[in-house]
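Novice: Sharing final.cif below, mmCIF, C-alpha atoms:
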data_final
#
loop_
_atom_site.group_PDB
_atom_site.id
_atom_site.type_symbol
_atom_site.label_atom_id
_atom_site.label_comp_id
_atom_site.auth_asym_id
_atom_site.auth_seq_id
_atom_site.Cartn_x
_atom_site.Cartn_y
_atom_site.Cartn_z
ATOM 1 C CA MET A 1 -242.210 -23.421 -51.911
ATOM 2 C CA GLY A 2 -242.519 -22.552 -55.598
ATOM 3 C CA ASN A 3 -241.224 -24.789 -58.341
ATOM 4 C CA GLU A 4 -238.220 -22.655 -59.233
ATOM 5 C CA SER A 5 -237.145 -21.938 -55.663
ATOM 6 C CA SER A 6 -237.484 -25.623 -54.727
ATOM 7 C CA THR A 7 -235.358 -26.563 -57.735
ATOM 8 C CA LEU A 8 -232.679 -24.104 -56.629
ATOM 9 C CA ALA A 9 -232.906 -25.425 -53.073
ATOM 10 C CA ALA A 10 -232.503 -29.014 -54.300
ATOM 11 C CA ILE A 11 -229.459 -28.057 -56.379
ATOM 12 C CA ALA A 12 -227.961 -26.192 -53.414
ATOM 13 C CA ALA A 13 -228.581 -29.197 -51.143
ATOM 14 C CA MET A 14 -226.924 -31.549 -53.640
ATOM 15 C CA ALA A 15 -223.974 -29.168 -54.026
ATOM 16 C CA LEU A 16 -223.487 -28.866 -50.249
ATOM 17 C CA VAL A 17 -223.739 -32.607 -49.625
ATOM 18 C CA THR A 18 -221.282 -33.315 -52.443
ATOM 19 C CA LEU A 19 -218.856 -30.655 -51.203
ATOM 20 C CA ALA A 20 -219.078 -32.168 -47.723
ATOM 21 C CA CYS A 21 -218.173 -35.574 -49.187
ATOM 22 C CA ARG A 22 -215.235 -34.136 -51.141
ATOM 23 C CA CYS A 23 -213.788 -32.125 -48.247
ATOM 24 C CA GLY A 24 -215.132 -33.970 -45.194
ATOM 25 C CA GLY A 25 -213.279 -37.238 -45.668
ATOM 26 C CA TYR A 26 -209.975 -35.433 -46.083
ATOM 27 C CA PHE A 27 -210.746 -33.228 -43.072
ATOM 28 C CA VAL A 28 -211.421 -36.229 -40.811
ATOM 29 C CA PHE A 29 -208.400 -38.207 -41.981
ATOM 30 C CA SER A 30 -206.096 -35.207 -41.575
ATOM 31 C CA ARG A 31 -206.981 -35.186 -37.864
ATOM 32 C CA ILE A 32 -206.453 -38.842 -37.082
ATOM 33 C CA THR A 33 -203.500 -41.159 -37.584
ATOM 34 C CA PRO A 34 -204.699 -43.963 -39.843
ATOM 35 C CA SER A 35 -203.903 -47.456 -38.578
ATOM 36 C CA PRO A 36 -201.884 -49.789 -40.856
ATOM 37 C CA LEU A 37 -205.115 -51.640 -41.645
ATOM 38 C CA MET A 38 -206.810 -48.406 -42.702
ATOM 39 C CA ARG A 39 -203.789 -47.376 -44.788
ATOM 40 C CA ASN A 40 -203.843 -50.761 -46.474
ATOM 41 C CA ALA A 41 -207.559 -50.430 -47.196
ATOM 42 C CA LEU A 42 -207.038 -46.942 -48.636
ATOM 43 C CA ALA A 43 -204.255 -48.243 -50.891
ATOM 44 C CA HIS A 44 -206.661 -50.782 -52.356
ATOM 45 C CA LEU A 45 -209.409 -48.232 -52.810
ATOM 46 C CA PRO A 46 -208.657 -46.732 -56.246
ATOM 47 C CA GLY A 47 -208.946 -49.969 -58.203
ATOM 48 C CA CYS A 48 -211.937 -51.105 -56.164
ATOM 49 C CA ILE A 49 -213.894 -47.923 -56.872
ATOM 50 C CA PHE A 50 -213.370 -48.330 -60.607
ATOM 51 C CA ALA A 51 -214.164 -52.057 -60.495
ATOM 52 C CA ALA A 52 -217.369 -51.201 -58.637
ATOM 53 C CA TYR A 53 -218.398 -49.012 -61.567
ATOM 54 C CA VAL A 54 -217.328 -51.250 -64.364
ATOM 55 C CA ILE A 55 -218.543 -54.709 -63.331
ATOM 56 C CA PRO A 56 -222.249 -53.862 -62.722
ATOM 57 C CA ALA A 57 -222.359 -51.642 -65.817
ATOM 58 C CA LEU A 58 -220.939 -54.414 -68.014
ATOM 59 C CA LEU A 59 -223.295 -57.028 -66.586
ATOM 60 C CA ALA A 60 -226.311 -54.725 -67.027
ATOM 61 C CA GLY A 61 -225.382 -53.653 -70.558
ATOM 62 C CA PRO A 62 -225.632 -55.490 -73.870
ATOM 63 C CA GLY A 63 -223.096 -58.183 -74.757
ATOM 64 C CA ARG A 64 -221.338 -55.957 -77.275
ATOM 65 C CA ASP A 65 -220.069 -53.836 -74.366
ATOM 66 C CA TRP A 66 -217.785 -56.750 -73.413
ATOM 67 C CA VAL A 67 -216.154 -56.507 -76.829
ATOM 68 C CA GLY A 68 -215.688 -52.785 -76.262
ATOM 69 C CA ALA A 69 -214.284 -53.454 -72.787
ATOM 70 C CA ALA A 70 -211.772 -55.972 -74.153
ATOM 71 C CA ALA A 71 -210.699 -53.580 -76.910
ATOM 72 C CA THR A 72 -210.307 -50.757 -74.377
ATOM 73 C CA LEU A 73 -208.287 -52.877 -71.921
ATOM 74 C CA LEU A 74 -205.977 -54.341 -74.568
ATOM 75 C CA THR A 75 -205.341 -50.968 -76.203
ATOM 76 C CA MET A 76 -204.635 -49.386 -72.830
ATOM 77 C CA ALA A 77 -202.343 -52.234 -71.766
ATOM 78 C CA PHE A 78 -200.221 -51.834 -74.890
ATOM 79 C CA SER A 79 -200.434 -48.109 -75.608
ATOM 80 C CA ARG A 80 -201.059 -46.559 -72.150
ATOM 81 C CA ASN A 81 -202.853 -43.880 -74.137
ATOM 82 C CA LEU A 82 -206.230 -43.047 -72.628
ATOM 83 C CA GLY A 83 -207.682 -41.238 -75.639
ATOM 84 C CA VAL A 84 -206.739 -43.980 -78.078
ATOM 85 C CA SER A 85 -208.098 -46.640 -75.718
ATOM 86 C CA ILE A 86 -211.485 -44.933 -75.295
ATOM 87 C CA GLY A 87 -211.639 -44.493 -79.072
ATOM 88 C CA ALA A 88 -210.802 -48.161 -79.636
ATOM 89 C CA GLY A 89 -213.552 -49.212 -77.233
ATOM 90 C CA VAL A 90 -216.186 -47.019 -78.862
ATOM 91 C CA ALA A 91 -215.075 -48.141 -82.318
ATOM 92 C CA ALA A 92 -215.306 -51.815 -81.318
ATOM 93 C CA VAL A 93 -218.826 -51.325 -79.930
ATOM 94 C CA TRP A 94 -219.765 -49.461 -83.099
ATOM 95 C CA VAL A 95 -218.451 -52.238 -85.363
ATOM 96 C CA VAL A 96 -220.292 -54.925 -83.370
ATOM 97 C CA SER A 97 -223.518 -52.912 -83.474
ATOM 98 C CA LEU A 98 -223.255 -52.660 -87.262
ATOM 99 C CA ALA A 99 -222.653 -56.383 -87.684
ATOM 100 C CA MET B 1 -196.067 -24.289 -64.106
ATOM 101 C CA PRO B 2 -195.067 -27.132 -66.399
ATOM 102 C CA VAL B 3 -196.658 -29.824 -64.197
ATOM 103 C CA PHE B 4 -200.033 -28.078 -64.427
ATOM 104 C CA TRP B 5 -199.789 -28.202 -68.225
ATOM 105 C CA ARG B 6 -198.725 -31.840 -68.175
ATOM 106 C CA GLY B 7 -201.945 -32.481 -66.241
ATOM 107 C CA ALA B 8 -203.953 -30.404 -68.687
ATOM 108 C CA ARG B 9 -202.558 -32.413 -71.602
ATOM 109 C CA LEU B 10 -203.437 -35.660 -69.819
ATOM 110 C CA ALA B 11 -206.947 -34.287 -69.259
ATOM 111 C CA LEU B 12 -207.682 -33.852 -72.976
ATOM 112 C CA PRO B 13 -208.596 -37.490 -73.714
ATOM 113 C CA LEU B 14 -210.697 -37.483 -70.544
ATOM 114 C CA VAL B 15 -212.574 -34.380 -71.685
ATOM 115 C CA VAL B 16 -213.293 -36.104 -75.001
ATOM 116 C CA GLY B 17 -214.084 -39.498 -73.465
ATOM 117 C CA LEU B 18 -216.493 -38.081 -70.909
ATOM 118 C CA ALA B 19 -218.173 -35.642 -73.315
ATOM 119 C CA PRO B 20 -220.884 -38.170 -74.320
ATOM 120 C CA PHE B 21 -221.703 -38.718 -70.645
ATOM 121 C CA GLY B 22 -221.907 -34.952 -70.093
ATOM 122 C CA PHE B 23 -224.026 -34.628 -73.199
ATOM 123 C CA VAL B 24 -226.481 -37.247 -71.918
ATOM 124 C CA THR B 25 -226.562 -35.586 -68.496
ATOM 125 C CA GLY B 26 -227.501 -32.296 -70.192
ATOM 126 C CA LEU B 27 -230.163 -34.068 -72.276
ATOM 127 C CA ILE B 28 -231.697 -35.613 -69.157
ATOM 128 C CA THR B 29 -231.609 -32.296 -67.298
ATOM 129 C CA GLN B 30 -233.611 -30.580 -70.036
ATOM 130 C CA HIS B 31 -235.891 -33.584 -70.290
ATOM 131 C CA HIS B 32 -236.896 -33.234 -66.637
ATOM 132 C CA GLY B 33 -237.934 -29.640 -67.098
ATOM 133 C CA LEU B 34 -234.985 -27.798 -65.552
ATOM 134 C CA SER B 35 -234.039 -24.390 -66.944
ATOM 135 C CA LEU B 36 -230.703 -23.522 -68.543
ATOM 136 C CA ALA B 37 -229.722 -21.664 -65.364
ATOM 137 C CA ASP B 38 -230.576 -24.759 -63.276
ATOM 138 C CA CYS B 39 -228.531 -26.905 -65.637
ATOM 139 C CA LEU B 40 -225.483 -24.612 -65.393
ATOM 140 C CA LEU B 41 -225.772 -24.354 -61.610
ATOM 141 C CA MET B 42 -226.184 -28.071 -61.049
ATOM 142 C CA ASN B 43 -223.314 -29.056 -63.320
ATOM 143 C CA GLY B 44 -221.035 -26.304 -62.088
ATOM 144 C CA LEU B 45 -221.658 -26.736 -58.358
ATOM 145 C CA VAL B 46 -222.550 -30.410 -57.925
ATOM 146 C CA TYR B 47 -220.221 -31.524 -60.749
ATOM 147 C CA ALA B 48 -220.820 -35.234 -60.181
ATOM 148 C CA GLY B 49 -222.713 -36.570 -63.174
ATOM 149 C CA ALA B 50 -223.657 -39.957 -61.791
ATOM 150 C CA SER B 51 -225.384 -38.494 -58.730
ATOM 151 C CA GLN B 52 -227.114 -35.895 -60.893
ATOM 152 C CA VAL B 53 -228.535 -38.528 -63.214
ATOM 153 C CA VAL B 54 -229.762 -40.574 -60.245
ATOM 154 C CA ALA B 55 -231.376 -37.485 -58.660
ATOM 155 C CA LEU B 56 -232.953 -36.434 -61.969
ATOM 156 C CA ALA B 57 -234.429 -39.896 -62.503
ATOM 157 C CA ASN B 58 -236.705 -39.190 -59.535
ATOM 158 C CA TRP B 59 -237.178 -35.453 -60.134
ATOM 159 C CA THR B 60 -240.551 -33.763 -59.567
ATOM 160 C CA HIS B 61 -241.931 -30.209 -59.588
ATOM 161 C CA PRO B 62 -241.664 -28.855 -56.935
ATOM 162 C CA ALA B 63 -238.243 -30.437 -56.619
ATOM 163 C CA PRO B 64 -237.609 -33.292 -54.151
ATOM 164 C CA ILE B 65 -235.015 -31.509 -52.016
ATOM 165 C CA LEU B 66 -234.374 -34.292 -49.509
ATOM 166 C CA ALA B 67 -234.391 -37.085 -52.105
ATOM 167 C CA ALA B 68 -231.948 -35.152 -54.301
ATOM 168 C CA ALA B 69 -229.635 -34.534 -51.349
ATOM 169 C CA PHE B 70 -229.850 -38.205 -50.414
ATOM 170 C CA ALA B 71 -228.979 -39.314 -53.952
ATOM 171 C CA ALA B 72 -225.973 -36.984 -53.868
ATOM 172 C CA LEU B 73 -224.904 -38.441 -50.519
ATOM 173 C CA VAL B 74 -225.205 -42.098 -51.561
ATOM 174 C CA VAL B 75 -223.512 -41.746 -54.924
ATOM 175 C CA ASN B 76 -220.835 -39.256 -53.848
ATOM 176 C CA MET B 77 -219.884 -40.792 -50.505
ATOM 177 C CA ARG B 78 -216.884 -42.322 -52.290
ATOM 178 C CA PHE B 79 -215.309 -38.840 -52.540
ATOM 179 C CA ALA B 80 -214.922 -38.889 -48.748
ATOM 180 C CA LEU B 81 -212.601 -41.879 -49.079
ATOM 181 C CA MET B 82 -210.816 -40.570 -52.174
ATOM 182 C CA GLY B 83 -209.787 -37.202 -50.722
ATOM 183 C CA PRO B 84 -207.492 -38.611 -47.999
ATOM 184 C CA VAL B 85 -205.498 -40.542 -50.625
ATOM 185 C CA LEU B 86 -204.315 -37.187 -52.008
ATOM 186 C CA ALA B 87 -203.199 -36.000 -48.555
ATOM 187 C CA PRO B 88 -199.428 -36.131 -49.286
ATOM 188 C CA TRP B 89 -199.929 -33.778 -52.237
ATOM 189 C CA LEU B 90 -202.385 -31.445 -50.503
ATOM 190 C CA ALA B 91 -200.151 -30.975 -47.443
ATOM 191 C CA GLY B 92 -198.061 -28.347 -49.241
ATOM 192 C CA LEU B 93 -201.016 -26.080 -50.032
ATOM 193 C CA SER B 94 -202.643 -23.364 -47.943
ATOM 194 C CA PRO B 95 -205.979 -24.490 -46.440
ATOM 195 C CA VAL B 96 -207.966 -22.378 -48.916
ATOM 196 C CA LYS B 97 -206.190 -23.847 -51.948
ATOM 197 C CA ARG B 98 -206.333 -27.304 -50.393
ATOM 198 C CA TYR B 99 -210.107 -27.312 -50.026
ATOM 199 C CA ALA B 100 -210.579 -25.518 -53.359
ATOM 200 C CA SER B 101 -208.641 -28.369 -54.994
ATOM 201 C CA LEU B 102 -210.759 -30.934 -53.152
ATOM 202 C CA ALA B 103 -213.923 -29.185 -54.385
ATOM 203 C CA LEU B 104 -212.892 -30.231 -57.916
ATOM 204 C CA LEU B 105 -212.420 -33.886 -56.941
ATOM 205 C CA VAL B 106 -213.830 -36.403 -59.419
ATOM 206 C CA ASP B 107 -212.851 -39.957 -60.251
ATOM 207 C CA HIS B 108 -210.653 -39.764 -63.337
ATOM 208 C CA PRO B 109 -208.222 -36.968 -62.444
ATOM 209 C CA TRP B 110 -207.956 -38.580 -59.032
ATOM 210 C CA ALA B 111 -207.098 -41.990 -60.498
ATOM 211 C CA LEU B 112 -204.461 -40.507 -62.810
ATOM 212 C CA SER B 113 -203.032 -38.530 -59.891
ATOM 213 C CA VAL B 114 -202.857 -41.667 -57.737
ATOM 214 C CA THR B 115 -201.046 -43.430 -60.578
ATOM 215 C CA ASP B 116 -198.548 -40.565 -60.771
ATOM 216 C CA MET B 117 -198.165 -40.535 -56.985
ATOM 217 C CA ARG B 118 -197.343 -44.249 -56.974
ATOM 218 C CA LYS B 119 -194.657 -43.586 -59.577
ATOM 219 C CA GLY B 120 -193.094 -41.003 -57.263
ATOM 220 C CA GLY B 121 -194.904 -37.874 -58.460
ATOM 221 C CA ARG B 122 -194.978 -35.140 -55.830
ATOM 222 C CA ASP B 123 -196.719 -32.170 -57.384
ATOM 223 C CA VAL B 124 -200.373 -31.364 -56.700
ATOM 224 C CA ALA B 125 -200.299 -29.143 -59.806
ATOM 225 C CA LEU B 126 -200.838 -32.333 -61.818
ATOM 226 C CA PHE B 127 -204.153 -32.956 -60.072
ATOM 227 C CA ILE B 128 -205.219 -29.326 -60.556
ATOM 228 C CA GLY B 129 -204.086 -29.391 -64.191
ATOM 229 C CA LEU B 130 -206.198 -32.490 -64.744
ATOM 230 C CA SER B 131 -209.217 -31.191 -62.836
ATOM 231 C CA VAL B 132 -209.692 -27.666 -64.202
ATOM 232 C CA PRO B 133 -209.996 -28.604 -67.929
ATOM 233 C CA LEU B 134 -212.294 -31.475 -66.992
ATOM 234 C CA TRP B 135 -214.646 -29.059 -65.203
ATOM 235 C CA PHE B 136 -214.742 -26.758 -68.223
ATOM 236 C CA GLY B 137 -215.233 -29.698 -70.574
ATOM 237 C CA TRP B 138 -218.070 -30.916 -68.375
ATOM 238 C CA MET B 139 -219.765 -27.495 -68.542
ATOM 239 C CA VAL B 140 -219.475 -27.425 -72.337
ATOM 240 C CA SER B 141 -220.728 -30.983 -72.916
ATOM 241 C CA THR B 142 -223.643 -30.748 -70.462
ATOM 242 C CA THR B 143 -224.731 -27.378 -71.864
ATOM 243 C CA ALA B 144 -224.494 -28.745 -75.401
ATOM 244 C CA GLY B 145 -226.652 -31.693 -74.359
ATOM 245 C CA PHE B 146 -229.183 -29.314 -72.818
ATOM 246 C CA PHE B 147 -229.477 -27.316 -76.038
ATOM 247 C CA CYS B 148 -229.641 -30.365 -78.276
ATOM 248 C CA ALA B 149 -232.284 -32.128 -76.184
ATOM 249 C CA SER B 150 -235.169 -30.792 -78.236
ATOM 250 C CA THR B 151 -233.599 -31.126 -81.693
ATOM 251 C CA LEU B 152 -231.319 -34.147 -81.643
ATOM 252 C CA ASN B 153 -232.542 -37.584 -80.792
ATOM 253 C CA LEU B 154 -229.625 -39.975 -80.291
ATOM 254 C CA PRO B 155 -230.951 -43.442 -79.497
ATOM 255 C CA PRO B 156 -230.051 -44.579 -75.958
ATOM 256 C CA HIS B 157 -228.046 -47.480 -77.386
ATOM 257 C CA HIS B 158 -225.787 -45.284 -79.500
ATOM 258 C CA PRO B 159 -222.170 -46.589 -79.386
ATOM 259 C CA LEU B 160 -220.906 -43.085 -78.457
ATOM 260 C CA PHE B 161 -222.378 -43.572 -74.995
ATOM 261 C CA PHE B 162 -219.913 -46.405 -74.432
ATOM 262 C CA GLY B 163 -217.237 -43.678 -74.173
ATOM 263 C CA ALA B 164 -218.120 -42.940 -70.522
ATOM 264 C CA LEU B 165 -217.789 -46.586 -69.520
ATOM 265 C CA ALA B 166 -214.626 -46.980 -71.620
ATOM 266 C CA ALA B 167 -213.000 -44.135 -69.640
ATOM 267 C CA PHE B 168 -213.509 -46.128 -66.444
ATOM 268 C CA ILE B 169 -212.384 -49.419 -67.999
ATOM 269 C CA ALA B 170 -209.188 -47.920 -69.446
ATOM 270 C CA LEU B 171 -208.159 -46.494 -66.064
ATOM 271 C CA LEU B 172 -208.305 -49.972 -64.526
ATOM 272 C CA VAL B 173 -205.044 -50.710 -66.373
ATOM 273 C CA PRO B 174 -202.781 -48.161 -64.630
ATOM 274 C CA LEU B 175 -204.542 -48.874 -61.317
ATOM 275 C CA TRP B 176 -203.737 -52.590 -61.538
ATOM 276 C CA ARG B 177 -200.816 -53.432 -59.256
ATOM 277 C CA GLY B 178 -200.785 -57.212 -59.562
ATOM 278 C CA TRP B 179 -202.777 -60.313 -58.806
ATOM 279 C CA SER B 180 -203.253 -59.348 -55.170
ATOM 280 C CA ASP B 181 -205.751 -56.778 -56.476
ATOM 281 C CA THR B 182 -208.010 -59.447 -57.965
ATOM 282 C CA LEU B 183 -209.918 -60.400 -54.823
ATOM 283 C CA PRO B 184 -210.590 -56.830 -53.580
ATOM 284 C CA TRP B 185 -211.707 -55.806 -57.079
ATOM 285 C CA LEU B 186 -214.081 -58.755 -57.388
ATOM 286 C CA VAL B 187 -215.511 -58.118 -53.922
ATOM 287 C CA ALA B 188 -216.005 -54.429 -54.775
ATOM 288 C CA GLY B 189 -217.625 -55.310 -58.105
ATOM 289 C CA SER B 190 -219.961 -57.874 -56.550
ATOM 290 C CA THR B 191 -220.966 -55.537 -53.736
ATOM 291 C CA ALA B 192 -221.757 -52.839 -56.278
ATOM 292 C CA LEU B 193 -223.742 -55.373 -58.266
ATOM 293 C CA VAL B 194 -225.892 -56.257 -55.270
ATOM 294 C CA ALA B 195 -226.309 -52.572 -54.382
ATOM 295 C CA ALA B 196 -227.316 -51.722 -57.943
ATOM 296 C CA HIS B 197 -229.884 -54.483 -57.773
ATOM 297 C CA MET B 198 -231.396 -53.219 -54.546
ATOM 298 C CA LEU B 199 -231.222 -49.510 -55.427
ATOM 299 C CA PRO B 200 -232.567 -49.097 -58.929
ATOM 300 C CA HIS B 201 -231.205 -46.218 -61.062
ATOM 301 C CA THR B 202 -227.782 -46.370 -59.454
ATOM 302 C CA SER B 203 -225.678 -48.018 -62.114
ATOM 303 C CA TRP B 204 -227.495 -47.883 -65.409
ATOM 304 C CA TYR B 205 -226.169 -44.408 -66.161
ATOM 305 C CA LEU B 206 -222.876 -45.937 -67.204
ATOM 306 C CA SER B 207 -224.366 -48.656 -69.300
ATOM 307 C CA SER B 208 -224.879 -47.962 -72.956
ATOM 308 C CA ALA B 209 -228.271 -49.634 -72.748
ATOM 309 C CA PRO B 210 -230.250 -47.999 -69.979
#
As C-alpha cells, how would this structure be written, given the file I've shared?
Specialist:
Amino acid sequence: MGNESSTLAAIAAMALVTLACRCGGYFVFSRITPSPLMRNALAHLPGCIFAAYVIPALLAGPGRDWVGAAATLLTMAFSRNLGVSIGAGVAAVWVVSLA
Amino acid sequence: MPVFWRGARLALPLVVGLAPFGFVTGLITQHHGLSLADCLLMNGLVYAGASQVVALANWTHPAPILAAAFAALVVNMRFALMGPVLAPWLAGLSPVKRYASLALLVDHPWALSVTDMRKGGRDVALFIGLSVPLWFGWMVSTTAGFFCASTLNLPPHHPLFFGALAAFIALLVPLWRGWSDTLPWLVAGSTALVAAHMLPHTSWYLSSAP
C-alpha cells in the first residue's frame, strides 16, 4: 500500500473505531435494562472521567500547573464562568512562569 | 430554537479554551508529514484530539493502520460509556438524528449537558448547540496549527497550552456533587495514573510540559 493510501486507510480506521465507540455504547445500553448498580456507576462516571484526565496530567506537569489548577477551580467555584476560569488558570500559569 | 443558541453561547468559552489544544494537534499533524487534506479529514472525522495525538506520536510512512485504530479504541473507549448517559435526551430524536448527535460526542459538551440534565434540563438541542460550534472551532484551530507549524515555533512549555487542561479542571466544579464523589474520583485518577505509566504517550498531551 502506498504512503498516501495507507494514511487515508489509517484515518478511516480511526474514524470508524471512534464512531463505533460514540454510537456503540448507546446502542448496547438502549437494548438492555441497566441494573441499579450499573445506573449508579454511570451516575458517577462524568466526574471520574474528568478526574482521570486531570490528576495524571497535573502530576506529570510542572509545579506551576498546580497554581493554574487552583486559580481555575477557585474562579469556577465563585463565578461558574468557564471562559473566565480558563483565562484565570492560563494567566496564573503565565505569571508563575515569569516569576 | 432558543435552547440550541443557549448551547452555542455556552460553547464559546470552550472553543476558545480548547483552541490551543487544537492548534498543537494541527502542529503535530504537520510535523509527522501528513498533508492538509489528511489533517482536515482526521480532525473532521475522528474529532478526538487526544487519540489523534497518541496515534501521531507513533506515526510512520506508510501509516500504521492497526496501531492507529488501536490508539483510537483505547483512548476513545470512554465515549461508549458517555453516550448512554445522554439517553433520556436522545430518546425524543429520530434514529438518524440520534446517531448523528452521538457522532459529535466529545467530553466538554457532554459534561455541560450532564450538568444541565441534573438541573432538570430536558432539551437535546443544548447538547447539539454545544457540539456544533465546538466542531467548527476544532477545525479552525487545528488547521491554523497545521499552517503555522513551519513558521511559528511556540515552545512546548508555553502557558497557553495550559488552556486545554484548564478546560478539564474547570468542569470538575459543576460535576462535583458532594463528598461522596471524592473516593470514586481518586480511584479514577489513580487508575489513570497507573495506566499512563504503563502506556507511554497517553496522558502527556494534556500536560503543558510534554
Novice: Of the candidates B:Met77, B:Leu126, B:Val85, B:Leu12, which one gets nearest to Pro34 of chain A if we count only C-alpha atoms?
Specialist: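 Smallest separation from Pro34 of chain A among the options: B:Val85.
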Novice: How many Å separate atom CA of Gly137 of chain B from atom CA of Ser35 of chain B?
Specialist: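 If I compute the distance from atom CA of Gly137 of chain B to atom CA of Ser35 of chain B, I get 19.9 Å.
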Novice: Might you spell out which residues the PyMOL selection byres ((chain A and resi 95) around 12) would select in the displayed file, as a list in words?
Specialist: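 Checking the PyMOL selection byres ((chain A and resi 95) around 12) against this file, the residues are Arg64, Asp65, Val67, Gly68, Ala71, Ala88, Gly89, Val90, Ala91, Ala92, Val93, Trp94, Val96, Ser97, Leu98 and Ala99 of chain A; His158, Pro159 and Leu160 of chain B.
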Novice: Put a box with edges along x, y and z around all the listed atoms of segment 104-123 of chain B, pad it by 6 Å on each side, then give me its centre and sizes in Å, one decimal, as lines of an AutoDock Vina configuration file.
Specialist:
center_x = -203.5
center_y = -37.2
center_z = -59.6
size_x = 32.7
size_y = 26.0
size_z = 19.5
Novice: Translate the PyMOL selection byres ((chain A and resi 13) around 9), as applied to the file shown, into an explicit residue set as an MDAnalysis selection string.
Specialist: (chainID A and resid 8:12 14:18) or (chainID B and resid 65:66 68:69 72)
Novice: So, counting all atoms listed in the file, which residue among A:Leu74, A:Cys48, A:Met38, A:Ala43 is closest to chain B?
Specialist: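 Residue with the minimum atom-to-atom distance to chain B: A:Cys48.
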Novice: Excluding same-chain residues fewer than 6 positions from segment 95-97 of chain B, what lies within 12 Å of it counting all atoms listed in the file, as an mmCIF file with C-alpha atoms, in the coordinates of the input?
Specialist:
data_model
loop_
_atom_site.group_PDB
_atom_site.id
_atom_site.type_symbol
_atom_site.label_atom_id
_atom_site.label_comp_id
_atom_site.auth_asym_id
_atom_site.auth_seq_id
_atom_site.Cartn_x
_atom_site.Cartn_y
_atom_site.Cartn_z
ATOM 1 C CA CYS A 23 -213.788 -32.125 -48.247
ATOM 2 C CA TYR A 26 -209.975 -35.433 -46.083
ATOM 3 C CA PHE A 27 -210.746 -33.228 -43.072
ATOM 4 C CA SER A 30 -206.096 -35.207 -41.575
ATOM 5 C CA TRP B 89 -199.929 -33.778 -52.237
ATOM 6 C CA ALA B 103 -213.923 -29.185 -54.385
ATOM 7 C CA LEU B 104 -212.892 -30.231 -57.916
ATOM 8 C CA VAL B 124 -200.373 -31.364 -56.700
ATOM 9 C CA ALA B 125 -200.299 -29.143 -59.806
ATOM 10 C CA ILE B 128 -205.219 -29.326 -60.556
#
Novice: Kindly indicate which residue among A:His44, A:Leu59, A:Ser35, A:Gly83 lies nearest to chain B, using all atoms listed in the file for the distances.
Specialist: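 With all atoms listed in the file as the atom set, the closest residue is A:Gly83.
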